[in-house]
>>> print(open('query_5.cif').read())   # mmCIF, C-alpha atoms
data_upload
#
loop_
_atom_site.label_atom_id
_atom_site.label_comp_id
_atom_site.auth_asym_id
_atom_site.auth_seq_id
_atom_site.Cartn_x
_atom_site.Cartn_y
_atom_site.Cartn_z
CA MET A 107 61.26 124.00 76.98
CA ILE A 108 58.35 125.67 78.76
CA ILE A 109 58.74 128.84 80.84
CA ALA A 110 56.02 130.33 83.04
CA ILE A 111 55.82 134.07 83.67
CA ASP A 112 53.84 135.64 86.51
CA ALA A 113 52.04 138.09 84.23
CA MET A 114 50.53 140.08 87.12
CA GLY A 115 53.78 140.70 89.00
CA GLY A 116 55.68 143.99 88.71
CA ASP A 117 55.06 147.72 88.60
CA HIS A 118 54.10 147.68 84.91
CA ALA A 119 52.19 144.41 84.77
CA PRO A 120 50.55 142.95 82.84
CA LYS A 121 51.52 145.17 79.88
CA ALA A 122 55.30 144.95 80.34
CA THR A 123 55.31 141.24 81.18
CA VAL A 124 53.17 140.33 78.19
CA GLU A 125 55.19 142.49 75.80
CA GLY A 126 58.41 140.99 77.15
CA ALA A 127 57.00 137.50 76.69
CA ILE A 128 56.12 138.32 73.08
CA GLN A 129 59.67 139.54 72.42
CA ALA A 130 61.10 136.32 73.89
CA ALA A 131 58.62 134.12 72.01
CA LYS A 132 59.66 135.73 68.71
CA ASP A 133 63.39 135.51 69.48
CA TRP A 134 63.21 131.84 70.53
CA PRO A 135 60.29 130.23 68.68
CA GLU A 136 61.26 126.81 70.04
CA LEU A 137 60.15 127.94 73.52
CA ARG A 138 56.64 127.68 74.92
CA ILE A 139 55.72 130.51 77.27
CA VAL A 140 52.84 130.35 79.74
CA LEU A 141 51.50 133.65 81.05
CA VAL A 142 49.93 133.11 84.46
CA GLY A 143 47.31 135.58 85.66
CA ASP A 144 43.93 137.17 84.99
CA ARG A 145 42.98 136.14 81.46
CA GLU A 146 40.76 139.19 80.85
CA LYS A 147 43.62 141.56 81.76
CA ILE A 148 46.27 139.67 79.80
CA GLU A 149 44.47 139.09 76.50
CA PRO A 150 44.25 142.76 75.38
CA PHE A 151 48.07 142.91 75.30
CA LEU A 152 48.46 139.55 73.56
CA ILE A 153 47.10 140.55 70.17
CA ASN A 154 50.48 139.86 68.52
CA ASN A 155 50.88 136.35 69.91
CA PRO A 156 53.47 134.61 67.69
CA GLY A 157 51.75 131.31 68.45
CA ASN A 158 53.91 129.87 71.22
CA ILE A 159 52.33 131.77 74.14
CA GLU A 160 49.38 130.53 76.17
CA ILE A 161 47.52 131.77 79.24
CA ARG A 162 46.98 129.95 82.54
CA HIS A 163 44.21 131.75 84.40
CA ALA A 164 44.80 132.73 88.03
CA SER A 165 42.18 134.79 89.84
CA GLU A 166 44.31 136.41 92.56
CA VAL A 167 47.31 138.73 92.79
CA ILE A 168 49.81 139.14 95.64
CA ALA A 169 50.46 142.86 96.13
CA THR A 170 53.94 144.22 96.82
CA ASP A 171 53.01 145.32 100.35
CA GLU A 172 51.51 142.01 101.52
CA GLU A 173 53.21 139.92 104.20
CA PRO A 174 54.95 137.13 102.22
CA VAL A 175 54.18 133.99 104.25
CA LYS A 176 50.53 134.88 104.85
CA ALA A 177 50.02 135.87 101.22
CA VAL A 178 51.52 132.65 99.85
CA ARG A 179 49.47 130.48 102.21
CA ARG A 180 46.17 132.31 101.76
CA LYS A 181 46.24 133.18 98.06
CA LYS A 182 46.55 129.74 96.53
CA ASP A 183 45.16 130.96 93.20
CA SER A 184 47.47 133.97 92.91
CA SER A 185 49.50 134.22 89.71
CA LEU A 186 52.75 133.92 91.66
CA VAL A 187 51.78 130.81 93.65
CA VAL A 188 50.19 129.08 90.65
CA ALA A 189 53.33 129.72 88.56
CA VAL A 190 55.68 128.32 91.23
CA ASN A 191 53.42 125.28 91.66
CA MET A 192 53.77 124.65 87.92
CA VAL A 193 57.54 124.36 88.41
CA LYS A 194 57.09 122.00 91.34
CA ASN A 195 54.70 119.80 89.34
CA LYS A 196 57.10 119.84 86.35
CA GLU A 197 54.50 121.42 84.10
CA VAL A 198 57.11 124.05 83.21
CA ASP A 199 60.91 124.17 83.37
CA ALA A 200 61.25 127.62 84.95
CA VAL A 201 59.25 130.50 86.38
CA ILE A 202 59.85 134.26 86.24
CA SER A 203 58.19 136.90 88.42
CA ALA A 204 58.66 140.63 88.88
CA GLY A 205 56.23 140.63 91.80
CA ASN A 206 56.59 140.66 95.58
CA THR A 207 60.19 139.54 96.26
CA GLY A 208 59.51 138.14 99.72
CA ALA A 209 56.48 136.21 98.50
CA PHE A 210 58.41 134.81 95.55
CA MET A 211 61.25 133.59 97.78
CA THR A 212 58.76 132.18 100.28
CA ALA A 213 56.88 130.35 97.54
CA GLY A 214 60.12 128.99 96.14
CA LEU A 215 61.11 127.60 99.54
CA LEU A 216 57.73 126.35 100.74
CA ILE A 217 56.51 124.93 97.44
CA THR A 218 59.59 123.62 95.60
CA GLY A 219 61.87 123.16 98.64
CA ARG A 220 65.64 123.34 98.97
CA MET A 221 68.00 121.16 96.98
CA LYS A 222 69.52 118.32 98.99
CA GLY A 223 72.76 119.45 100.59
CA ILE A 224 71.96 123.17 100.36
CA GLU A 225 71.39 124.67 103.79
CA ARG A 226 70.25 128.12 102.63
CA PRO A 227 69.21 129.35 99.17
CA ALA A 228 70.56 132.64 97.84
CA LEU A 229 69.07 135.47 95.82
CA SER A 230 71.61 136.00 93.05
CA PRO A 231 71.42 139.13 90.88
CA ILE A 232 74.02 140.14 88.31
CA LEU A 233 75.38 143.63 88.92
CA PRO A 234 76.86 145.74 86.11
CA THR A 235 80.64 146.23 85.84
CA THR A 236 82.74 148.80 84.00
CA ASP A 237 83.69 146.30 81.29
CA GLY A 238 80.09 145.22 80.71
CA ALA A 239 80.69 141.61 81.79
CA GLY A 240 78.69 141.74 85.05
CA VAL A 241 79.34 140.17 88.44
CA LEU A 242 77.11 137.67 90.25
CA VAL A 243 76.26 138.45 93.89
CA LEU A 244 75.19 135.77 96.39
CA ASP A 245 73.30 136.49 98.64
CA ALA A 246 71.36 139.70 97.94
CA GLY A 247 68.64 139.26 100.53
CA ALA A 248 67.32 135.72 100.90
CA ASN A 249 69.00 135.20 104.29
CA MET A 250 69.96 138.04 106.61
CA ASP A 251 71.91 135.81 109.01
CA ALA A 252 74.37 133.44 107.38
CA ARG A 253 76.98 131.02 108.66
CA PRO A 254 80.41 130.43 107.07
CA VAL A 255 79.29 127.15 105.48
CA HIS A 256 76.45 129.00 103.76
CA LEU A 257 78.93 131.40 102.13
CA LYS A 258 80.99 128.43 100.95
CA GLN A 259 77.90 126.94 99.32
CA TYR A 260 77.10 130.30 97.73
CA ALA A 261 80.60 130.29 96.22
CA LEU A 262 80.12 126.81 94.77
CA MET A 263 76.70 127.62 93.31
CA GLY A 264 77.84 130.96 91.96
CA SER A 265 80.93 129.48 90.28
CA ILE A 266 78.89 126.86 88.47
CA TYR A 267 76.31 129.42 87.33
CA VAL A 268 78.89 131.91 86.02
CA GLU A 269 80.80 129.19 84.19
CA LYS A 270 77.81 127.47 82.59
CA VAL A 271 75.39 130.36 82.00
CA MET A 272 77.72 133.36 81.61
CA GLY A 273 80.47 131.40 79.87
CA VAL A 274 83.35 132.38 82.16
CA SER A 275 86.13 129.82 82.44
CA ARG A 276 87.37 129.27 86.03
CA PRO A 277 85.35 132.11 87.63
CA ARG A 278 87.07 134.24 90.27
CA VAL A 279 85.29 134.25 93.62
CA GLY A 280 85.65 137.15 96.04
CA LEU A 281 84.41 137.55 99.62
CA LEU A 282 82.76 140.92 100.31
CA ASN A 283 84.59 142.56 103.21
CA VAL A 284 85.71 145.86 104.71
CA GLY A 285 89.28 145.33 103.53
CA THR A 286 91.32 143.07 101.27
CA GLU A 287 93.58 141.69 104.02
CA ALA A 288 92.89 138.07 105.00
CA LYS A 289 92.42 138.89 108.69
CA LYS A 290 89.94 141.72 108.13
CA GLY A 291 86.23 141.53 108.92
CA ASN A 292 83.95 139.97 111.49
CA GLU A 293 83.83 136.36 112.68
CA LEU A 294 81.62 135.34 109.76
CA THR A 295 84.00 136.60 107.07
CA LYS A 296 87.13 135.37 108.84
CA GLU A 297 85.79 131.83 109.11
CA ALA A 298 84.34 131.94 105.61
CA TYR A 299 87.74 133.04 104.27
CA SER A 300 89.35 129.85 105.59
CA LEU A 301 86.59 127.65 104.16
CA LEU A 302 86.82 129.29 100.74
CA GLU A 303 90.61 128.98 100.69
CA SER A 304 90.34 125.21 101.09
CA SER A 305 87.39 124.76 98.70
CA SER A 306 87.43 123.84 95.02
CA VAL A 307 86.47 127.35 93.83
CA HIS A 308 88.96 129.85 92.39
CA PHE A 309 89.04 132.07 95.48
CA VAL A 310 90.81 135.43 95.01
CA GLY A 311 90.36 136.74 98.56
CA ASN A 312 88.46 139.63 100.10
CA VAL A 313 87.01 142.37 97.93
CA GLU A 314 85.73 145.79 98.96
CA ALA A 315 82.38 147.14 97.80
CA ARG A 316 84.04 149.96 95.87
CA ASP A 317 85.90 147.44 93.69
CA VAL A 318 82.94 145.23 92.78
CA THR A 319 82.02 147.24 89.68
CA ASN A 320 85.65 147.14 88.49
CA HIS A 321 85.21 143.40 87.90
CA VAL A 322 87.93 142.28 90.32
CA CYS A 323 86.02 138.98 90.54
CA ASP A 324 83.20 137.17 88.75
CA VAL A 325 81.31 136.06 91.87
CA VAL A 326 80.88 138.08 95.08
CA VAL A 327 79.93 136.09 98.18
CA CYS A 328 78.29 137.73 101.21
CA ASP A 329 75.43 137.39 103.69
CA GLY A 330 72.02 138.62 102.59
CA PHE A 331 72.12 141.72 104.79
CA SER A 332 75.37 143.03 103.28
CA GLY A 333 74.43 141.93 99.79
CA ASN A 334 71.10 143.73 99.83
CA ILE A 335 72.77 146.93 101.01
CA LEU A 336 75.33 146.59 98.19
CA LEU A 337 72.57 146.07 95.63
CA LYS A 338 70.37 148.95 96.80
CA SER A 339 73.35 151.31 97.14
CA MET A 340 74.40 150.66 93.56
CA GLU A 341 70.86 151.14 92.27
CA GLY A 342 70.54 154.42 94.15
CA LEU A 343 73.95 155.70 93.06
CA ALA A 344 73.29 154.96 89.39
CA GLY A 345 69.94 156.74 89.51
CA THR A 346 71.41 159.76 91.31
CA PHE A 347 74.34 160.00 88.88
CA PHE A 348 72.16 160.22 85.77
CA SER A 349 69.75 162.61 87.48
CA VAL A 350 72.53 165.00 88.53
CA MET A 351 74.16 164.86 85.09
CA LYS A 352 70.87 165.74 83.42
CA GLN A 353 70.29 168.70 85.76
CA GLU A 354 73.79 170.06 85.16
CA PHE A 355 73.62 169.78 81.38
CA LEU A 356 70.26 171.55 81.22
CA LYS A 357 71.40 174.57 83.25
CA THR A 358 73.11 176.38 80.38
CA THR A 359 72.93 176.61 76.59
CA THR A 360 76.49 175.30 76.34
CA GLY A 361 75.53 172.37 78.54
CA LYS A 362 72.53 171.58 76.36
CA ILE A 363 74.72 171.56 73.25
CA GLY A 364 77.23 169.33 75.00
CA ALA A 365 74.44 166.99 76.11
CA PHE A 366 73.20 166.75 72.51
CA LEU A 367 76.67 165.87 71.24
CA LEU A 368 77.27 163.34 74.01
CA LYS A 369 73.82 161.77 73.86
CA PRO A 370 74.95 158.60 72.00
CA ALA A 371 77.74 158.03 74.54
CA PHE A 372 75.37 158.51 77.49
CA LYS A 373 72.93 156.04 75.94
CA ARG A 374 75.68 153.43 75.71
CA ILE A 375 76.71 154.06 79.33
CA LYS A 376 73.14 153.84 80.58
CA LEU A 377 72.61 150.61 78.63
CA GLN A 378 75.77 149.13 80.16
CA MET A 379 74.58 149.98 83.68
CA ASP A 380 70.97 148.90 83.07
CA TYR A 381 69.69 145.98 85.16
CA ALA A 382 67.40 145.03 82.27
CA GLU A 383 70.38 143.78 80.29
CA TYR A 384 71.14 141.10 82.88
CA GLY A 385 67.68 139.55 83.29
CA GLY A 386 66.78 138.83 86.90
CA ALA A 387 68.03 137.41 90.18
CA LEU A 388 68.01 133.63 90.38
CA LEU A 389 66.78 132.04 93.61
CA MET A 390 69.67 129.62 93.74
CA GLY A 391 69.67 126.46 95.83
CA ILE A 392 66.03 125.42 95.46
CA ARG A 393 64.69 122.49 93.45
CA GLY A 394 63.02 124.53 90.73
CA THR A 395 64.33 127.27 88.45
CA CYS A 396 62.89 130.51 89.84
CA ILE A 397 64.03 133.92 88.57
CA LYS A 398 63.07 137.16 90.30
CA ALA A 399 62.90 140.02 87.82
CA HIS A 400 63.20 143.62 89.01
CA GLY A 401 59.92 145.13 90.23
CA SER A 402 60.12 147.91 87.64
CA SER A 403 61.03 145.54 84.80
CA ASN A 404 60.29 146.75 81.29
CA PRO A 405 59.62 144.36 78.38
CA ARG A 406 63.33 144.02 77.59
CA ALA A 407 64.08 142.99 81.19
CA ILE A 408 61.42 140.27 80.99
CA ARG A 409 62.78 139.12 77.63
CA ASN A 410 66.30 138.88 79.06
CA ALA A 411 65.02 137.02 82.12
CA VAL A 412 63.56 134.43 79.73
CA LEU A 413 66.99 134.10 78.08
CA GLN A 414 68.57 133.68 81.51
CA ALA A 415 66.10 130.91 82.40
CA LYS A 416 66.66 129.25 79.03
CA LYS A 417 70.44 129.07 79.55
CA PHE A 418 70.08 127.85 83.13
CA VAL A 419 67.79 124.99 82.14
CA GLU A 420 69.74 124.06 79.00
CA ASN A 421 72.94 123.70 81.03
CA ASP A 422 71.16 121.72 83.78
CA VAL A 423 72.80 123.97 86.38
CA ASN A 424 70.79 122.55 89.30
CA ALA A 425 72.13 119.06 88.63
CA LEU A 426 75.68 120.40 88.45
CA ILE A 427 75.22 122.25 91.74
CA ALA A 428 73.87 119.12 93.43
CA ARG A 429 76.86 117.10 92.21
CA GLU A 430 79.36 119.74 93.35
CA ILE A 431 77.80 120.00 96.80
CA GLN A 432 77.89 116.22 97.10
CA GLU A 433 81.59 116.09 96.20
CA GLU A 434 82.49 118.92 98.56
CA SER A 435 80.66 117.36 101.50
CA GLY A 436 81.72 113.81 100.72
CA GLU A 437 78.11 112.72 101.14
CA VAL A 438 75.76 111.06 98.68
CA HIS A 439 72.49 112.92 98.11
CA VAL A 440 69.65 111.27 96.25
#
>>> encode(input="query_5.cif", output="structure tokens")
Amino acid sequence: MIIAIDAMGGDHAPKATVEGAIQAAKDWPELRIVLVGDREKIEPFLINNPGNIEIRHASEVIATDEEPVKAVRRKKDSSLVVAVNMVKNKEVDAVISAGNTGAFMTAGLLITGRMKGIERPALSPILPTTDGAGVLVLDAGANMDARPVHLKQYALMGSIYVEKVMGVSRPRVGLLNVGTEAKKGNELTKEAYSLLESSSVHFVGNVEARDVTNHVCDVVVCDGFSGNILLKSMEGLAGTFFSVMKQEFLKTTTGKIGAFLLKPAFKRIKLQMDYAEYGGALLMGIRGTCIKAHGSSNPRAIRNAVLQAKKFVENDVNALIAREIQEESGEVHV
């Protein structure tokens, strides 16, 4: 299996991406990893190459503030575009990038294209839960305006992913809403509720945002607008919580002593709520395997994104999704 990593994408690139690639290459020596980017900037961090990492030179970089469509079309030799093209041309089995999210999604759509039968792809991150299992969210920002049939397809794709990659038997699917009652919500959620009820997924009804982290379901389905707000709200709340706790503990001597005694527990809590433990957000519904790592990914996050890609490819999740969509629609897609 060969996995490409956009070595120039992310806040801490190329150092963090290269170090993460080295960790992954050591953990899974059967993998081949291709670092895509500026060779002169990558090589200084690759002094401990375990032997299964190579470099594919790319002369350009897409910055985080560039307009996605223009950047993808104009910067053909950017690390991000070159890496996605490698997936399209079947030179690699998967690609990972911590770079410009919009550009990565645009490249995935324009270069690899949608899977047959999928009307809209979904950005699918795994959010932390209180029990440490995690919950998959579709969509977290790929499409701001969705139709009920799109949410049904998200549910199908999410169920297959959670079962095959996360190892959950008969995943529970919830519909993000303002209340748990079946008749709650706007026209989108009301119509989607009916479609999900009659689908093949294990639909458990509406779920409220406050219950998502309590693991009331394994897959949360929503439009990209709502999903992105959910994602950013949770990120902001987690950061604020740890910041406030630190300030309070450091105010007094007693607090400092308490903080010292509770340090191991806080480390475990922070690890459980850390995005790095879950890898990245899969761009689900496109022909290639494209994983969007967090912009501030550290080496461990990149390493875990490689593991995520490895499981996805090994379980041939795209083929399973295509088959499920075909069965649900009653159409044959070739």
>>> atom_distance(input="query_5.cif", atom1="atom CA of Lys417 of chain A", atom2="atom CA of Gly345 of chain A")
29.4 Å
>>> resolve_selection(input="query_5.cif", expression="the PyMOL selection byres ((chain A and resi 286) around 6)", output="mmCIF file with C-alpha atoms, in the coordinates of the input")
data_model
loop_
_atom_site.group_PDB
_atom_site.id
_atom_site.type_symbol
_atom_site.label_atom_id
_atom_site.label_comp_id
_atom_site.auth_asym_id
_atom_site.auth_seq_id
_atom_site.Cartn_x
_atom_site.Cartn_y
_atom_site.Cartn_z
ATOM 1 C CA GLY A 285 89.280 145.330 103.530
ATOM 2 C CA GLU A 287 93.580 141.690 104.020
ATOM 3 C CA ASN A 312 88.460 139.630 100.100
ATOM 4 C CA VAL A 313 87.010 142.370 97.930
#
>>> closest_residue(input="query_5.cif", among="A:Thr358, A:Asn154, A:Thr218, A:Ser349", to="Lys196 of chain A", atoms="all atoms listed in the file")
A:Thr218
>>> resolve_selection(input="query_5.cif", expression="the PyMOL selection byres ((chain A and resi 259) around 12)", output="ChimeraX atom specification")
/A:221,223-228,244-245,252-258,260-266,279,298,301-302,305-307,327-329,390-391,427-428,430-435
>>> axis_aligned_box(input="query_5.cif", around="segment 335-346 of chain A", padding_each_side="8 Å", output="JSON")
{"center_x": 72.6, "center_y": 152.9, "center_z": 95.2, "size_x": 21.4, "size_y": 29.7, "size_z": 27.6}
>>> closest_residue(input="query_5.cif", among="A:Gly342, A:Gly116, A:Gly394, A:Pro156", to="Asn191 of chain A", atoms="all atoms listed in the file")
A:Gly394
>>> resolve_selection(input="query_5.cif", expression="the PyMOL selection byres ((chain A and resi 123) around 9)", output="list of chain:residue names")
A:Ile111, A:Asp112, A:Ala113, A:Met114, A:Gly115, A:Gly116, A:His118, A:Ala119, A:Pro120, A:Lys121, A:Ala122, A:Val124, A:Glu125, A:Gly126, A:Ala127, A:Ile128, A:Leu141, A:Ser203, A:Ala204, A:Ser403, A:Asn404, A:Pro405, A:Ala407, A:Ile408, A:Arg409
